[in-house]
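Undergrad: Sharing upload_7.cif (mmCIF, C-alpha atoms and all ligand atoms) below.
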data_input
#
loop_
_atom_site.label_atom_id
_atom_site.label_comp_id
_atom_site.auth_asym_id
_atom_site.auth_seq_id
_atom_site.Cartn_x
_atom_site.Cartn_y
_atom_site.Cartn_z
CA MET G 1325 95.61 108.30 78.11
CA SER G 1326 97.94 106.10 76.10
CA ARG G 1327 99.04 102.82 77.56
CA ALA G 1328 101.95 103.25 79.96
CA CYS G 1329 104.96 101.22 78.81
CA VAL G 1330 105.92 99.99 82.21
CA PHE G 1331 102.91 97.68 82.41
CA ASP G 1332 104.28 95.71 79.45
CA ASP G 1333 106.73 94.24 81.97
CA ILE G 1334 103.84 92.37 83.60
CA ILE G 1335 103.68 89.13 81.69
CA GLY G 1336 100.86 86.60 81.50
CA GLN G 1337 98.75 88.56 84.03
CA GLN G 1338 96.51 90.75 81.87
CA ARG G 1339 93.86 91.13 84.56
CA VAL G 1340 96.39 92.26 87.17
CA ALA G 1341 98.11 94.62 84.71
CA GLY G 1342 94.77 96.18 83.73
CA PHE G 1343 93.71 96.58 87.35
CA LEU G 1344 96.96 98.26 88.46
CA GLU G 1345 97.10 100.48 85.39
CA ASN G 1346 93.56 101.70 86.05
CA ALA G 1347 94.23 102.29 89.73
CA ALA G 1348 97.31 104.37 88.87
CA ALA G 1349 95.58 106.32 86.10
CA GLU G 1350 92.45 107.04 88.13
CA ARG G 1351 94.45 107.61 91.30
CA THR G 1352 92.24 105.15 93.13
CA VAL G 1353 95.22 103.73 94.97
CA SER G 1354 94.79 101.70 98.15
CA HIS G 1355 97.04 102.23 101.13
CA ALA G 1356 98.00 98.54 101.17
CA TYR G 1357 98.00 95.64 98.71
CA LEU G 1358 98.71 91.97 99.05
CA PHE G 1359 100.09 90.48 95.82
CA ALA G 1360 99.58 86.71 96.09
CA GLY G 1361 100.72 84.12 93.58
CA PRO G 1362 103.25 81.37 92.94
CA PRO G 1363 106.99 82.02 92.51
CA GLY G 1364 107.75 83.23 89.00
CA ALA G 1365 104.32 84.83 88.55
CA GLY G 1366 105.92 88.30 88.35
CA LYS G 1367 104.74 89.84 91.62
CA LYS G 1368 107.91 91.86 92.21
CA THR G 1369 108.01 93.04 88.61
CA ALA G 1370 104.36 94.11 88.87
CA ALA G 1371 105.01 95.93 92.16
CA LYS G 1372 107.88 97.86 90.56
CA ALA G 1373 105.77 98.66 87.49
CA PHE G 1374 103.03 99.99 89.76
CA ALA G 1375 105.57 102.08 91.67
CA CYS G 1376 106.82 103.48 88.35
CA ALA G 1377 103.27 104.39 87.34
CA LEU G 1378 102.63 106.14 90.66
CA LEU G 1379 105.83 108.19 90.67
CA CYS G 1380 106.40 108.88 86.95
CA ASP G 1381 105.13 112.16 85.45
CA ASP G 1382 103.98 110.17 82.42
CA GLY G 1383 102.10 107.46 84.29
CA GLY G 1384 104.93 104.93 83.97
CA CYS G 1385 106.88 105.61 80.78
CA GLY G 1386 109.61 103.16 81.75
CA ALA G 1387 112.27 105.50 80.37
CA CYS G 1388 112.50 108.61 82.60
CA ALA G 1389 114.94 109.03 85.49
CA SER G 1390 112.28 108.07 88.02
CA CYS G 1391 111.29 104.85 86.22
CA TYR G 1392 114.93 103.97 85.61
CA LYS G 1393 115.82 104.36 89.27
CA ILE G 1394 112.85 102.29 90.39
CA LYS G 1395 113.69 99.45 88.01
CA ARG G 1396 117.29 99.39 89.24
CA GLY G 1397 116.29 99.59 92.90
CA LEU G 1398 117.87 103.04 93.28
CA HIS G 1399 114.84 105.24 93.87
CA PRO G 1400 114.98 106.81 97.35
CA ASP G 1401 111.20 106.62 97.77
CA VAL G 1402 110.71 103.01 96.67
CA HIS G 1403 111.89 100.54 99.29
CA MET G 1404 112.33 96.80 98.93
CA VAL G 1405 111.97 95.08 102.29
CA GLU G 1406 113.03 91.50 103.00
CA PRO G 1407 113.10 89.55 106.27
CA GLU G 1408 116.31 90.05 108.24
CA GLY G 1409 115.59 87.04 110.42
CA ALA G 1410 116.35 83.56 109.18
CA ALA G 1411 112.73 82.71 108.46
CA THR G 1412 110.63 85.54 109.88
CA TYR G 1413 110.38 89.31 110.19
CA MET G 1414 111.66 90.40 113.56
CA VAL G 1415 109.65 92.97 115.54
CA SER G 1416 112.69 95.28 115.61
CA GLN G 1417 112.84 95.30 111.80
CA ILE G 1418 109.15 96.17 111.54
CA ARG G 1419 109.56 98.99 114.11
CA GLU G 1420 112.43 100.39 112.03
CA LEU G 1421 110.25 100.12 108.93
CA ILE G 1422 107.37 101.96 110.63
CA HIS G 1423 109.74 104.76 111.62
CA ASP G 1424 110.88 105.03 107.98
CA VAL G 1425 107.28 105.00 106.70
CA HIS G 1426 106.55 108.21 108.62
CA LEU G 1427 109.43 110.17 107.06
CA LYS G 1428 108.55 112.44 104.13
CA PRO G 1429 109.33 111.31 100.55
CA VAL G 1430 112.79 112.37 99.33
CA ASP G 1431 112.20 112.73 95.60
CA GLY G 1432 108.63 112.13 94.58
CA SER G 1433 105.18 112.78 95.89
CA ARG G 1434 104.75 109.34 97.38
CA LYS G 1435 106.65 106.51 99.01
CA ILE G 1436 106.18 102.87 98.17
CA TYR G 1437 107.23 99.93 100.32
CA ILE G 1438 107.45 96.54 98.64
CA VAL G 1439 107.49 93.99 101.44
CA ASP G 1440 108.62 90.60 100.19
CA ALA G 1441 107.63 87.32 101.88
CA ALA G 1442 104.65 88.69 103.81
CA ASP G 1443 104.11 85.11 104.98
CA ALA G 1444 107.27 85.61 107.08
CA LEU G 1445 105.39 88.06 109.32
CA ASN G 1446 104.81 86.08 112.51
CA ASP G 1447 102.37 86.94 115.31
CA GLY G 1448 104.77 89.43 116.92
CA SER G 1449 105.95 91.29 113.81
CA ALA G 1450 102.49 91.21 112.22
CA ASN G 1451 101.00 92.75 115.37
CA ALA G 1452 103.60 95.51 115.35
CA PHE G 1453 102.77 96.23 111.70
CA LEU G 1454 98.93 96.19 111.80
CA LYS G 1455 98.23 99.80 112.69
CA THR G 1456 100.59 101.15 110.02
CA LEU G 1457 99.25 98.69 107.48
CA GLU G 1458 95.71 99.82 108.18
CA GLU G 1459 96.44 103.52 108.23
CA PRO G 1460 99.78 104.54 106.77
CA PRO G 1461 100.44 108.24 106.04
CA ASP G 1462 98.48 109.49 102.99
CA ASP G 1463 101.56 109.55 100.79
CA VAL G 1464 102.53 105.92 101.46
CA THR G 1465 101.54 102.75 99.62
CA ILE G 1466 102.56 99.38 101.03
CA ILE G 1467 102.68 96.34 98.74
CA LEU G 1468 103.06 92.97 100.44
CA LEU G 1469 104.14 89.98 98.35
CA THR G 1470 103.47 86.33 99.12
CA HIS G 1471 103.68 83.02 97.29
CA SER G 1472 100.48 81.93 99.04
CA TYR G 1473 97.55 83.95 100.32
CA ASP G 1474 96.76 81.24 102.88
CA ALA G 1475 100.23 81.52 104.42
CA VAL G 1476 99.67 85.15 105.45
CA ILE G 1477 98.27 85.91 108.91
CA PRO G 1478 94.57 86.79 108.39
CA THR G 1479 94.74 90.07 110.34
CA VAL G 1480 97.43 91.20 107.88
CA ALA G 1481 95.61 89.99 104.75
CA SER G 1482 92.31 91.60 105.84
CA ARG G 1483 93.96 95.03 105.94
CA CYS G 1484 95.10 94.82 102.32
CA GLN G 1485 93.49 94.86 98.91
CA ILE G 1486 94.17 91.37 97.56
CA VAL G 1487 95.62 91.04 94.05
CA LYS G 1488 95.85 87.44 92.88
CA PHE G 1489 98.46 86.35 90.36
CA ARG G 1490 98.04 83.18 88.38
CA ARG G 1491 100.76 80.71 87.54
CA VAL G 1492 102.25 81.53 84.13
CA PRO G 1493 102.31 78.31 82.05
CA PRO G 1494 105.92 77.40 81.07
CA SER G 1495 105.03 77.37 77.37
CA MET G 1496 103.72 80.93 77.63
CA ALA G 1497 106.77 82.07 79.60
CA GLU G 1498 109.02 80.48 76.99
CA GLY G 1499 107.14 82.13 74.12
CA ILE G 1500 107.39 85.54 75.74
CA ILE G 1501 111.13 85.17 76.32
CA VAL G 1502 111.65 84.11 72.70
CA GLU G 1503 109.63 87.10 71.53
CA ARG G 1504 111.36 89.67 73.74
CA THR G 1505 114.98 88.52 73.68
CA GLY G 1506 115.31 86.86 70.28
CA ALA G 1507 116.60 83.66 71.93
CA ASP G 1508 115.54 80.31 70.42
CA PRO G 1509 113.05 78.13 72.35
CA ALA G 1510 115.75 75.81 73.76
CA GLN G 1511 117.72 78.80 75.07
CA ALA G 1512 114.56 80.28 76.55
CA ARG G 1513 113.81 76.98 78.29
CA ALA G 1514 117.36 76.74 79.67
CA ALA G 1515 117.32 80.35 80.85
CA LEU G 1516 113.99 79.79 82.61
CA ALA G 1517 115.40 76.70 84.32
CA ALA G 1518 118.51 78.63 85.40
CA ALA G 1519 116.28 81.45 86.70
CA GLY G 1520 114.03 79.17 88.73
CA GLY G 1521 111.07 79.96 86.49
CA VAL G 1522 111.21 83.72 87.11
CA ILE G 1523 110.62 85.37 83.72
CA ALA G 1524 112.23 88.71 84.62
CA ARG G 1525 115.39 86.93 85.79
CA ALA G 1526 115.48 84.69 82.71
CA ARG G 1527 115.27 87.77 80.47
CA GLU G 1528 118.03 89.44 82.42
CA PHE G 1529 120.09 86.24 82.10
CA LEU G 1530 119.71 86.31 78.31
CA ASP G 1531 120.04 90.08 77.89
CA SER G 1532 122.85 91.01 80.25
CA PRO G 1533 126.31 91.24 78.65
CA MET G 1534 127.77 90.71 82.12
CA ARG G 1535 126.33 87.22 82.17
CA ARG G 1536 127.18 86.31 78.59
CA GLU G 1537 130.06 83.95 79.37
CA ALA G 1538 128.19 82.13 82.12
CA ARG G 1539 125.14 81.93 79.95
CA ASP G 1540 126.98 80.46 76.96
CA LYS G 1541 128.51 77.83 79.22
CA VAL G 1542 125.20 76.89 80.80
CA LEU G 1543 123.42 76.68 77.46
CA ALA G 1544 126.20 74.64 75.85
CA THR G 1545 126.30 72.24 78.78
CA LEU G 1546 122.55 71.73 78.83
CA LYS G 1547 122.63 71.01 75.11
CA ASP G 1548 125.44 68.45 75.50
CA LEU G 1549 123.97 66.76 78.55
CA ALA G 1550 121.79 64.37 76.54
CA THR G 1551 124.76 62.72 74.81
CA MET G 1552 127.17 62.58 77.76
CA ASP G 1553 128.44 59.59 79.73
CA GLY G 1554 128.79 59.55 83.54
CA HIS G 1555 132.22 61.19 83.73
CA ASP G 1556 131.28 63.92 81.26
CA VAL G 1557 128.19 64.73 83.30
CA LEU G 1558 130.32 65.22 86.42
CA VAL G 1559 132.70 67.54 84.60
CA ALA G 1560 129.76 69.40 83.09
CA ALA G 1561 128.16 69.78 86.52
CA ARG G 1562 131.40 71.30 87.86
CA ASP G 1563 131.58 73.72 84.93
CA LEU G 1564 127.94 74.65 85.43
CA LEU G 1565 128.47 75.43 89.09
CA ALA G 1566 131.49 77.57 88.27
CA ALA G 1567 129.59 79.35 85.51
CA VAL G 1568 126.66 80.13 87.74
CA LYS G 1569 128.82 81.16 90.69
CA ALA G 1570 130.99 83.62 88.75
CA PRO G 1571 128.23 86.03 87.79
CA LEU G 1572 126.87 85.89 91.32
CA GLU G 1573 130.19 87.25 92.58
CA GLU G 1574 129.99 89.97 89.95
CA ILE G 1575 126.47 90.76 91.02
CA LYS G 1576 127.56 91.13 94.65
CA VAL G 1577 130.16 93.69 93.59
CA LEU G 1578 127.54 95.50 91.54
CA GLN G 1579 125.13 95.53 94.47
CA ALA G 1580 127.81 97.00 96.74
CA GLU G 1581 128.38 99.71 94.14
CA GLU G 1582 124.67 100.41 93.96
CA ILE G 1583 124.42 100.77 97.73
CA ARG G 1584 127.32 103.23 97.71
CA GLU G 1585 125.70 105.08 94.82
CA ARG G 1586 122.45 105.18 96.77
CA GLU G 1587 124.13 106.47 99.90
CA GLU G 1588 125.86 109.25 98.01
CA PHE G 1589 122.66 110.02 96.19
CA LEU G 1590 120.60 110.23 99.35
CA GLY G 1591 122.83 111.25 102.19
CA SER G 1592 119.75 111.09 104.41
CA SER G 1593 118.93 109.02 107.45
CA ALA G 1594 116.13 107.29 105.53
CA GLY G 1595 118.55 106.21 102.85
CA LYS G 1596 121.03 105.05 105.41
CA ALA G 1597 118.48 102.96 107.24
CA VAL G 1598 117.50 101.31 103.99
CA SER G 1599 121.04 100.62 102.82
CA ASP G 1600 121.91 99.26 106.26
CA ARG G 1601 119.11 96.78 105.82
CA HIS G 1602 120.56 95.71 102.49
CA LYS G 1603 123.89 94.91 104.13
ZN ZN G 1701 108.68 107.38 83.71
#
Output the file's structure in the form of structure tokens.
TA:
Amino acid sequence: MSRACVFDDIIGQQRVAGFLENAAAERTVSHAYLFAGPPGAGKKTAAKAFACALLCDDGGCGACASCYKIKRGLHPDVHMVEPEGAATYMVSQIRELIHDVHLKPVDGSRKIYIVDAADALNDGSANAFLKTLEEPPDDVTIILLTHSYDAVIPTVASRCQIVKFRRVPPSMAEGIIVERTGADPAQARAALAAAGGVIARAREFLDSPMRREARDKVLATLKDLATMDGHDVLVAARDLLAAVKAPLEEIKVLQAEEIREREEFLGSSAGKAVSDRHK
């Protein structure tokens, strides 16, 4: 079988990419995984790539309707879950999730739940989740993400196959961004800084036409910063904030559109429950 394209999105984690690709190809897929590694290591990107590989007819081509929808967060059978509570998952949210887990897939043969911040499962919500985590329906795969393995409640971690992500060295991240976007090293560095070290976000920052204006401003300001006096720095900081805020507003509008699109697309209670969570 030729190498599935979608695993090229996993950067600086060859071992992880190889492991997930094999699991998908051989169909030796666990019911639950715990992806553990520092912010910016590409856990979410890897989880989406794995979902693509599991649902795509071509093992994760990255180009078909299924892969496209997963990458854009629009696939009805691939759910991103984030804590609704300020710092923790509430029991009610986990109960709702468990209900959703037991519904049949809408589109594909399998459903995938990507549960961000698994360290935000506290005693109560973790307890509510354990049985499902241990024995979800056959057509469900649950992928928990955490910045630190040690921060996850042991009864949760012990029910998952652990996949450890290493920290991607900044020089490697920079090199990859230069290679894939055609940006120069200084731009790649600035984009990484603006994206909090997350490679996928830095690439999006450099690639997206929607962000071009904000990006040009940020890059120009960062370049000028070295030669500025105190007043200039203040003005630059104001410009930077405005530049970064503008695209965020645009993104909010886009997200609202996507949720509407998703609702129209699904029209099912499962879809509604998921989009409600996103609001
Ligand atoms: Zn595909």
Undergrad: Step by step, measure atom-to-atom distances between ligand ZN 1701 (chain G) and each residue using only C-alpha atoms and all ligand atoms, keep those at most 8 Å, then write them as a ChimeraX atom specification.
TA: /G:1376-1377,1379-1392
Undergrad: What is the distance, in Å and to one decimal place, between CA of Thr1465 in chain G and CA of Ile1436 in chain G?
TA: 4.9 Å
Undergrad: Have a look at CA of Val1415 in chain G and CA of Ala1371 in chain G and let me know their distance in Å, one decimal.
TA: 24.0 Å
Undergrad: Could you produce a table of the residues of range 1364-1415 of chain G lying within 7 Å of range 1332-1352 of chain G, with the nearest pair of atoms per residue and their separation in Å rounded to one decimal, using only C-alpha atoms, ordered by chain and increasing residue number, as CSV?
TA:
residue,atom,partner,partner_atom,distance
G:Gly1366,CA,G:Ile1334,CA,6.6
G:Thr1369,CA,G:Ile1334,CA,6.6
G:Ala1370,CA,G:Ile1334,CA,5.6
G:Phe1374,CA,G:Leu1344,CA,6.4
G:Ala1377,CA,G:Ala1348,CA,6.2
G:Leu1378,CA,G:Ala1348,CA,5.9
G:Gly1383,CA,G:Ala1349,CA,6.9
Undergrad: Nearest residue to Glu1459 in chain G out of G:Asp1508, G:Ile1501, G:Lys1368, G:Ala1356, using all atoms listed in the file?
TA: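 Closest to Glu1459 in chain G, using all atoms listed in the file: G:Ala1356.
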Undergrad: Taking into account all atoms listed in the file, which residue in the set G:Ile1500, G:Ala1444, G:Val1492, G:Leu1358 is nearest to Ala1475 in chain G?
TA: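 Result for the nearest residue to Ala1475 in chain G: G:Ala1444.
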Undergrad: So how many Å separate CA of Lys1547 in chain G and CA of Gly1499 in chain G, to one decimal?
TA: 19.1 Å
